[in-house]
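**Q** Pasting a structure here, questions to come.
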Amino acid sequence: MENIVKTEQLYEGKAKKVYATNNDNYVIVDYKDDATAFNGEKKGTIHNKGIINNRVTNHLMKMLEQNGIPTHLVEEISDRETIVKRVSIVPLEVIVRNIAAGSLSKRLGLDEGVKLSKTVLEYCYKDDDLGDPMVNEYHIMAMNWCSKEELDLIASYSLKINELLTDYLKDLNIELIDFKLEFGKTADGTIVLADEISPDTCRFWDSVTHEKLDKDRFRRNLGGEEDAYKEIMKRLLGE
Ligand code: TMP
Ligand code: ASP
């Protein structure tokens with residue numbers, strides 16, 4: 001591949017920076033150690049989180065690619081940086097739930113840890129000022145955030161990703177409780193998985209002890225978040 005280099009910074013989010021490159025089809029994401037929760041109200045840092053999330057995301061996206069899910073991944077270029085395809089993000093957070101936890105438990109009064117009899121898909125409109133409100137298919141169609149065909153594809157990819165990740169993590173003694181995905185559209189209109197898949201965006205519980213190995217440790221002031229992130233990296237990448 002040609003030499004891809006950073007040019008100007010396009011965007012700085014809560015957990016990542018995005019840079020333009022000398023090739024219009026690619027951008028470089030740079031993962032930070034900054035951690036936020038509750039729409040930025042709680043702020044902190046998790047030492048080496050950027051490195052772990054970069055490596056874990058790429059590892060899982062490679063596995064998904066090998067199993068037929070198109071992703072934005074191009075090439076990991078350093079501990080914290082990855083070249084990805086430039087996409088326009090579909091402004092939705094797709095949440096997939098296997099076991100009740102977090103906001104679903106709150107909303108429906110379910111104990112955390114209760115298995116759902118069927119996988120639940122939820123959509124939230126990506127807008128920090130509005131607090132990422134939950135929306136349904138009708139809102140998405142009315143607001144033209146994507147087409148019906150694109151949403152059907154996003155839903156079917158999300159369910160397939162859930163199956164692939166659940167099976168993959170089971171062998172590592174990790175229970176996949178729920179997670180959040182984002183999708184983007186490349187210049188030629190292809191829908192691809194974008195953003196990240198990491199302990200920031202998934203609930204991972206140890207299958208045996210049910211210990212939380214994800215960002216809930218930070219959100220809920222449980223402590224031990226650095227060790228939890230390291231443990232996930234060790235189980236997935238062996239290091
Ligand atoms: P929730 O139970 O708080 O709605 O979260 C569901 C899943 O989505 C959980 O795995 C954490 C992830 N998530 C994000 O990645 N970003 C967010 O902003 C929120 C609220 C949740
Ligand atoms: N996206 C949330 C925030 O903005 C973080 C989270 O709860 O995962 O702070």
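Identifiers in the structure tokens: chain A, B, ... in order shown; residue index from 1 per chain; ligand index from 1 in order shown.
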Which residues of chain A come within 7 Å of ligand 2, and what is each one's closest atom pair and distance in Å (one decimal), counting only C-alpha atoms and all ligand atoms, sorted by chain and residue number, as a tab-separated table?
**A**
residue	atom	partner	partner_atom_place_in_ligand_line	distance
A:Lys14	CA	ligand 2	4 (O)	6.9
A:Thr36	CA	ligand 2	9 (O)	3.9
A:Ala37	CA	ligand 2	9 (O)	3.1
A:Phe38	CA	ligand 2	9 (O)	4.5
A:Asn39	CA	ligand 2	4 (O)	3.2
A:Gly40	CA	ligand 2	9 (O)	3.8
A:Glu41	CA	ligand 2	9 (O)	6.5
A:Lys42	CA	ligand 2	9 (O)	6.8
A:Asp200	CA	ligand 2	8 (O)	5.9
A:Thr201	CA	ligand 2	8 (O)	6.2
A:Arg219	CA	ligand 2	7 (O)	6.7
**Q** Go ahead and save the residues from that selection, with C-alpha atoms, as a short mmCIF file (atom, residue, chain, number, x, y, z; two decimals), in the first residue's frame.
**A**
data_model
loop_
_atom_site.label_atom_id
_atom_site.label_comp_id
_atom_site.auth_asym_id
_atom_site.auth_seq_id
_atom_site.Cartn_x
_atom_site.Cartn_y
_atom_site.Cartn_z
CA LYS A 14 -14.55 11.90 23.58
CA THR A 36 -16.29 9.83 29.82
CA ALA A 37 -19.68 8.64 30.95
CA PHE A 38 -23.21 10.02 31.12
CA ASN A 39 -22.78 12.10 27.99
CA GLY A 40 -19.51 13.63 29.14
CA GLU A 41 -20.68 14.56 32.68
CA LYS A 42 -18.16 12.20 34.30
CA ASP A 200 -15.80 1.09 26.16
CA THR A 201 -18.66 -0.03 23.93
CA ARG A 219 -19.16 4.50 35.04
#
**Q** Set the cut-off to 6 Å, count only C-alpha atoms and all ligand atoms, and list whatever residues fall near ligand 1 as a JSON list (two decimals) with N, CA and C atoms, in the first residue's frame.
**A**
[["chain", "number", "residue", "atom", "x", "y", "z"],
["A", 95, "ILE", "N", -27.74, -0.72, 19.39],
["A", 95, "ILE", "CA", -27.44, -1.44, 20.62],
["A", 95, "ILE", "C", -28.04, -2.84, 20.52],
["A", 101, "ALA", "N", -29.26, -5.38, 31.31],
["A", 101, "ALA", "CA", -28.28, -4.60, 32.09],
["A", 101, "ALA", "C", -28.51, -3.13, 31.76],
["A", 102, "GLY", "N", -27.84, -2.27, 32.51],
["A", 102, "GLY", "CA", -27.79, -0.85, 32.18],
["A", 102, "GLY", "C", -29.14, -0.20, 31.99],
["A", 103, "SER", "N", -29.28, 0.57, 30.91],
["A", 103, "SER", "CA", -30.50, 1.37, 30.73],
["A", 103, "SER", "C", -31.72, 0.49, 30.47],
["A", 104, "LEU", "N", -31.54, -0.71, 29.92],
["A", 104, "LEU", "CA", -32.70, -1.59, 29.71],
["A", 104, "LEU", "C", -33.25, -2.07, 31.06],
["A", 178, "ASP", "N", -24.13, -7.00, 26.29],
["A", 178, "ASP", "CA", -24.70, -6.08, 25.29],
["A", 178, "ASP", "C", -23.57, -5.28, 24.67],
["A", 179, "PHE", "N", -23.86, -4.56, 23.61],
["A", 179, "PHE", "CA", -22.82, -3.73, 22.97],
["A", 179, "PHE", "C", -23.46, -2.73, 22.03],
["A", 180, "LYS", "N", -22.64, -1.77, 21.60],
["A", 180, "LYS", "CA", -23.09, -0.69, 20.73],
["A", 180, "LYS", "C", -22.26, -0.70, 19.45],
["A", 200, "ASP", "N", -15.03, -0.17, 26.05],
["A", 200, "ASP", "CA", -15.80, 1.09, 26.16],
["A", 200, "ASP", "C", -17.22, 0.91, 25.64],
["A", 201, "THR", "N", -17.39, 0.03, 24.67],
["A", 201, "THR", "CA", -18.66, -0.03, 23.93],
["A", 201, "THR", "C", -19.40, -1.36, 24.09],
["A", 202, "CYS", "N", -18.85, -2.24, 24.91],
["A", 202, "CYS", "CA", -19.49, -3.54, 25.16],
["A", 202, "CYS", "C", -19.57, -3.78, 26.65],
["A", 203, "ARG", "N", -20.53, -4.57, 27.09],
["A", 203, "ARG", "CA", -20.47, -5.12, 28.45],
["A", 203, "ARG", "C", -19.94, -6.53, 28.35]]
**Q** Show me, as a compact mmCIF listing (two decimals) with C-alpha atoms, in the first residue's frame, the residues that have an atom within 9 Å of A:Asp34 when counting only C-alpha atoms, minus same-chain residues fewer than 5 positions from it.
**A**
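Writing the result to out-v9.txt gives the following:
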# COMPACT_ATOMS: atom_id res chain seq x y z
CA LYS A 14 -14.55 11.90 23.58
CA ALA A 15 -12.35 8.84 23.01
CA LYS A 16 -10.70 9.31 19.61
CA LYS A 43 -14.60 12.54 33.06
CA GLY A 44 -11.40 10.64 33.75
CA THR A 45 -8.58 8.67 32.21
CA ILE A 46 -7.95 4.98 32.02
CA HIS A 47 -4.22 4.40 31.63
CA LYS A 49 -7.11 2.45 27.34
CA GLY A 50 -6.35 3.94 23.90
**Q** To one decimal place in Å, what is the distance between atom CA of A:Asn25 and atom CA of A:Ser158?
**A**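 Rounded to one decimal, the two atoms are 24.5 Å apart.
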**Q** If you run DSSP on the backbone here, which positions in chain A get alpha helix (DSSP H)? Please write them as a ChimeraX atom specification.
**A** /A:49-66,102-108,137-142,148-170,216-219,225-237
**Q** Go through A:Ala100, A:Ala35, A:Met143, A:Ile69 one by one, measure the shortest atom-to-atom distance of each to A:Asn53 using only C-alpha atoms, and give the residue with the smallest value.
**A**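 Of the candidates, the smallest distance to A:Asn53 is held by A:Ala35.
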**Q** Separation of atom CA of A:Leu121 and atom CA of A:Phe183, in Å?
**A** 14.4 Å
**Q** What does the distance between atom CA of A:Glu76 and atom CA of A:Asp195 come to in Å, to one decimal place?
**A**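 One can read the atom CA of A:Glu76 to atom CA of A:Asp195 distance as 13.9 Å.
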**Q** If we count only C-alpha atoms and set the cut-off at 8 Å, which residues sit around A:Arg86, ignoring sequence neighbours fewer than 3 positions away in its own chain? Please answer as a ChimeraX atom specification.
**A** /A:24-27,72,186-187
**Q** Excluding A:Lys17 and its own-chain neighbours fewer than 2 positions away, which residues fall within 6 Å of it when counting only C-alpha atoms? Please give them as a compact mmCIF listing (two decimals) with N, CA, C and O atoms, in the first residue's frame.
**A**
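That gives us result.txt:
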# COMPACT_ATOMS: atom_id res chain seq x y z
N TYR A 11 -11.40 15.99 13.47
CA TYR A 11 -12.42 15.85 14.51
C TYR A 11 -11.77 15.32 15.77
O TYR A 11 -10.85 14.51 15.70
N GLU A 12 -12.21 15.82 16.91
CA GLU A 12 -11.80 15.19 18.17
C GLU A 12 -13.04 14.84 18.95
O GLU A 12 -13.84 15.70 19.32
N GLY A 13 -13.23 13.53 19.20
CA GLY A 13 -14.38 13.08 19.97
C GLY A 13 -13.96 12.82 21.41
O GLY A 13 -12.87 13.22 21.83
N VAL A 29 -7.52 7.04 12.67
CA VAL A 29 -8.09 7.25 14.01
C VAL A 29 -6.99 7.06 15.04
O VAL A 29 -6.11 6.21 14.88
N ASP A 30 -7.05 7.87 16.07
CA ASP A 30 -6.03 7.88 17.12
C ASP A 30 -6.79 7.77 18.46
O ASP A 30 -7.55 8.67 18.82
**Q** Taking into account only C-alpha atoms, which residue in the set A:Tyr123, A:Phe218, A:Tyr229, A:Tyr31 is nearest to A:Leu92?
**A**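 That would be A:Tyr123, the residue with the smallest distance to A:Leu92.
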**Q** As number ranges by chain, please: all residues of stretch 85-221 of chain A that backbone DSSP puts in strand (DSSP E or B).
**A** A: 85, 88-89, 92-99, 115-125, 134-135, 174-185, 191-194, 202-206, 212
**Q** With N, CA and C atoms kept, could you save the residues just selected as a compact mmCIF listing (two decimals), in the first residue's frame?
**A**
# COMPACT_ATOMS: atom_id res chain seq x y z
N LYS A 85 -11.21 3.26 6.40
CA LYS A 85 -11.86 3.89 5.24
C LYS A 85 -12.60 5.13 5.68
N SER A 88 -19.16 8.21 5.67
CA SER A 88 -20.08 9.12 6.37
C SER A 88 -20.86 8.25 7.33
N ILE A 89 -20.81 8.64 8.59
CA ILE A 89 -21.42 7.81 9.64
C ILE A 89 -22.94 7.91 9.57
N LEU A 92 -26.62 6.75 13.87
CA LEU A 92 -27.35 5.86 14.78
C LEU A 92 -26.38 5.08 15.63
N GLU A 93 -26.72 4.87 16.89
CA GLU A 93 -26.02 3.89 17.72
C GLU A 93 -26.93 2.67 17.75
N VAL A 94 -26.40 1.56 17.28
CA VAL A 94 -27.18 0.32 17.27
C VAL A 94 -26.79 -0.47 18.51
N ILE A 95 -27.74 -0.72 19.39
CA ILE A 95 -27.44 -1.44 20.62
C ILE A 95 -28.04 -2.84 20.52
N VAL A 96 -27.19 -3.82 20.82
CA VAL A 96 -27.61 -5.22 20.76
C VAL A 96 -27.54 -5.77 22.18
N ARG A 97 -28.62 -6.42 22.63
CA ARG A 97 -28.67 -6.90 24.01
C ARG A 97 -29.03 -8.37 24.08
N ASN A 98 -28.22 -9.12 24.83
CA ASN A 98 -28.50 -10.54 25.08
C ASN A 98 -29.03 -10.75 26.49
N ILE A 99 -28.53 -9.95 27.41
CA ILE A 99 -28.83 -10.09 28.83
C ILE A 99 -29.18 -8.71 29.36
N LYS A 115 -31.35 -13.27 31.52
CA LYS A 115 -31.22 -13.55 30.08
C LYS A 115 -32.51 -13.15 29.37
N LEU A 116 -32.37 -12.46 28.24
CA LEU A 116 -33.54 -12.08 27.45
C LEU A 116 -33.93 -13.28 26.58
N SER A 117 -35.22 -13.52 26.40
CA SER A 117 -35.62 -14.72 25.67
C SER A 117 -35.32 -14.58 24.18
N LYS A 118 -35.07 -13.36 23.74
CA LYS A 118 -34.74 -13.08 22.35
C LYS A 118 -33.78 -11.90 22.34
N THR A 119 -32.88 -11.85 21.37
CA THR A 119 -31.96 -10.70 21.25
C THR A 119 -32.76 -9.43 21.02
N VAL A 120 -32.38 -8.35 21.70
CA VAL A 120 -33.06 -7.06 21.54
C VAL A 120 -32.14 -6.11 20.76
N LEU A 121 -32.72 -5.46 19.74
CA LEU A 121 -32.01 -4.41 18.98
C LEU A 121 -32.64 -3.08 19.32
N GLU A 122 -31.81 -2.09 19.60
CA GLU A 122 -32.33 -0.73 19.85
C GLU A 122 -31.54 0.24 18.98
N TYR A 123 -32.18 1.35 18.62
CA TYR A 123 -31.47 2.40 17.89
C TYR A 123 -31.53 3.69 18.71
N CYS A 124 -30.42 4.41 18.76
CA CYS A 124 -30.40 5.75 19.34
C CYS A 124 -29.89 6.71 18.29
N TYR A 125 -30.46 7.90 18.28
CA TYR A 125 -29.99 8.95 17.36
C TYR A 125 -28.74 9.58 17.96
N MET A 134 -33.41 7.44 22.22
CA MET A 134 -33.81 6.21 21.53
C MET A 134 -34.85 6.54 20.46
N VAL A 135 -34.72 5.90 19.30
CA VAL A 135 -35.66 6.12 18.19
C VAL A 135 -36.04 4.76 17.61
N ILE A 174 -15.69 -15.18 28.31
CA ILE A 174 -16.28 -13.84 28.40
C ILE A 174 -17.72 -13.92 27.92
N GLU A 175 -18.62 -13.39 28.75
CA GLU A 175 -20.03 -13.36 28.39
C GLU A 175 -20.34 -11.99 27.78
N LEU A 176 -20.92 -11.99 26.58
CA LEU A 176 -21.26 -10.73 25.91
C LEU A 176 -22.68 -10.33 26.32
N ILE A 177 -22.76 -9.36 27.20
CA ILE A 177 -24.06 -8.93 27.75
C ILE A 177 -24.80 -8.06 26.74
N ASP A 178 -24.13 -7.00 26.29
CA ASP A 178 -24.70 -6.08 25.29
C ASP A 178 -23.57 -5.28 24.67
N PHE A 179 -23.86 -4.56 23.61
CA PHE A 179 -22.82 -3.73 22.97
C PHE A 179 -23.46 -2.73 22.03
N LYS A 180 -22.64 -1.77 21.60
CA LYS A 180 -23.09 -0.69 20.73
C LYS A 180 -22.26 -0.70 19.45
N LEU A 181 -22.93 -0.58 18.31
CA LEU A 181 -22.23 -0.54 17.02
C LEU A 181 -22.58 0.75 16.29
N GLU A 182 -21.67 1.15 15.39
CA GLU A 182 -21.97 2.25 14.47
C GLU A 182 -21.57 1.80 13.07
N PHE A 183 -22.33 2.27 12.10
CA PHE A 183 -22.06 1.91 10.71
C PHE A 183 -21.82 3.18 9.89
N GLY A 184 -21.07 3.01 8.79
CA GLY A 184 -20.80 4.14 7.92
C GLY A 184 -21.00 3.74 6.47
N LYS A 185 -21.01 4.75 5.61
CA LYS A 185 -21.18 4.53 4.17
C LYS A 185 -19.93 5.03 3.48
N ILE A 191 -22.27 -0.04 2.90
CA ILE A 191 -22.42 0.05 4.35
C ILE A 191 -21.35 -0.82 5.01
N VAL A 192 -20.57 -0.23 5.91
CA VAL A 192 -19.53 -1.00 6.62
C VAL A 192 -19.63 -0.72 8.12
N LEU A 193 -19.18 -1.70 8.90
CA LEU A 193 -19.08 -1.50 10.35
C LEU A 193 -17.97 -0.48 10.60
N ALA A 194 -18.24 0.51 11.46
CA ALA A 194 -17.25 1.55 11.74
C ALA A 194 -17.03 1.67 13.25
N CYS A 202 -18.85 -2.24 24.91
CA CYS A 202 -19.49 -3.54 25.16
C CYS A 202 -19.57 -3.78 26.65
N ARG A 203 -20.53 -4.57 27.09
CA ARG A 203 -20.47 -5.12 28.45
C ARG A 203 -19.94 -6.53 28.35
N PHE A 204 -18.78 -6.74 28.98
CA PHE A 204 -18.13 -8.05 29.03
C PHE A 204 -18.13 -8.52 30.48
N TRP A 205 -18.69 -9.69 30.75
CA TRP A 205 -18.63 -10.25 32.11
C TRP A 205 -17.83 -11.55 32.06
N ASP A 206 -17.04 -11.79 33.10
CA ASP A 206 -16.38 -13.09 33.20
C ASP A 206 -17.48 -14.16 33.29
N LYS A 212 -17.39 -7.77 36.19
CA LYS A 212 -17.47 -6.85 35.06
C LYS A 212 -16.07 -6.52 34.55
**Q** Need the shell around A:Ile232: protein/DNA/RNA residues with any atom at most 9 Å away, counting only C-alpha atoms. Skip same-chain ones fewer than 6 positions apart. Format as a list in words?
**A**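 In the requested form, the answer reads Ile52, Val56, Ile174, Ser198, Pro199, Phe204, Leu213 and Asp214 of chain A.
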**Q** Show me, as a ChimeraX atom specification, the residues that have an atom within 7 Å of A:Ala20 when counting only C-alpha atoms, minus same-chain residues fewer than 6 positions from it.
**A** /A:6-10,27-28
**Q** Mind dumping the selected residues with N, CA, C and O atoms as a PDB file, in the first residue's frame?
**A**
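Writing the result to again-v7.pdb gives the following:
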ATOM      1  N   LYS A   6      -0.765  11.279   8.015  1.00  0.00           N
ATOM      2  CA  LYS A   6      -1.735  12.230   8.583  1.00  0.00           C
ATOM      3  C   LYS A   6      -1.551  13.599   7.966  1.00  0.00           C
ATOM      4  O   LYS A   6      -0.415  14.048   7.787  1.00  0.00           O
ATOM      5  N   THR A   7      -2.649  14.278   7.688  1.00  0.00           N
ATOM      6  CA  THR A   7      -2.550  15.694   7.328  1.00  0.00           C
ATOM      7  C   THR A   7      -3.247  16.471   8.452  1.00  0.00           C
ATOM      8  O   THR A   7      -2.761  16.428   9.575  1.00  0.00           O
ATOM      9  N   GLU A   8      -4.394  17.097   8.223  1.00  0.00           N
ATOM     10  CA  GLU A   8      -4.976  17.883   9.322  1.00  0.00           C
ATOM     11  C   GLU A   8      -5.959  17.064  10.168  1.00  0.00           C
ATOM     12  O   GLU A   8      -6.531  16.080   9.687  1.00  0.00           O
ATOM     13  N   GLN A   9      -6.121  17.496  11.433  1.00  0.00           N
ATOM     14  CA  GLN A   9      -7.111  16.855  12.313  1.00  0.00           C
ATOM     15  C   GLN A   9      -8.503  17.257  11.849  1.00  0.00           C
ATOM     16  O   GLN A   9      -8.785  18.429  11.627  1.00  0.00           O
ATOM     17  N   LEU A  10      -9.380  16.252  11.668  1.00  0.00           N
ATOM     18  CA  LEU A  10     -10.741  16.530  11.195  1.00  0.00           C
ATOM     19  C   LEU A  10     -11.699  16.704  12.362  1.00  0.00           C
ATOM     20  O   LEU A  10     -12.680  17.435  12.283  1.00  0.00           O
ATOM     21  N   VAL A  27      -8.850   7.740   6.407  1.00  0.00           N
ATOM     22  CA  VAL A  27      -8.542   8.624   7.538  1.00  0.00           C
ATOM     23  C   VAL A  27      -7.776   7.791   8.570  1.00  0.00           C
ATOM     24  O   VAL A  27      -7.740   6.551   8.480  1.00  0.00           O
ATOM     25  N   ILE A  28      -7.159   8.483   9.523  1.00  0.00           N
ATOM     26  CA  ILE A  28      -6.450   7.779  10.601  1.00  0.00           C
ATOM     27  C   ILE A  28      -7.157   8.093  11.914  1.00  0.00           C
ATOM     28  O   ILE A  28      -7.412   9.265  12.225  1.00  0.00           O
TER      29      ILE A  28
END
**Q** Pick the closest to A:Asp171 from A:Arg235, A:Lys32, A:His210, A:Arg217: which is it, counting only C-alpha atoms?
**A** A:Arg235
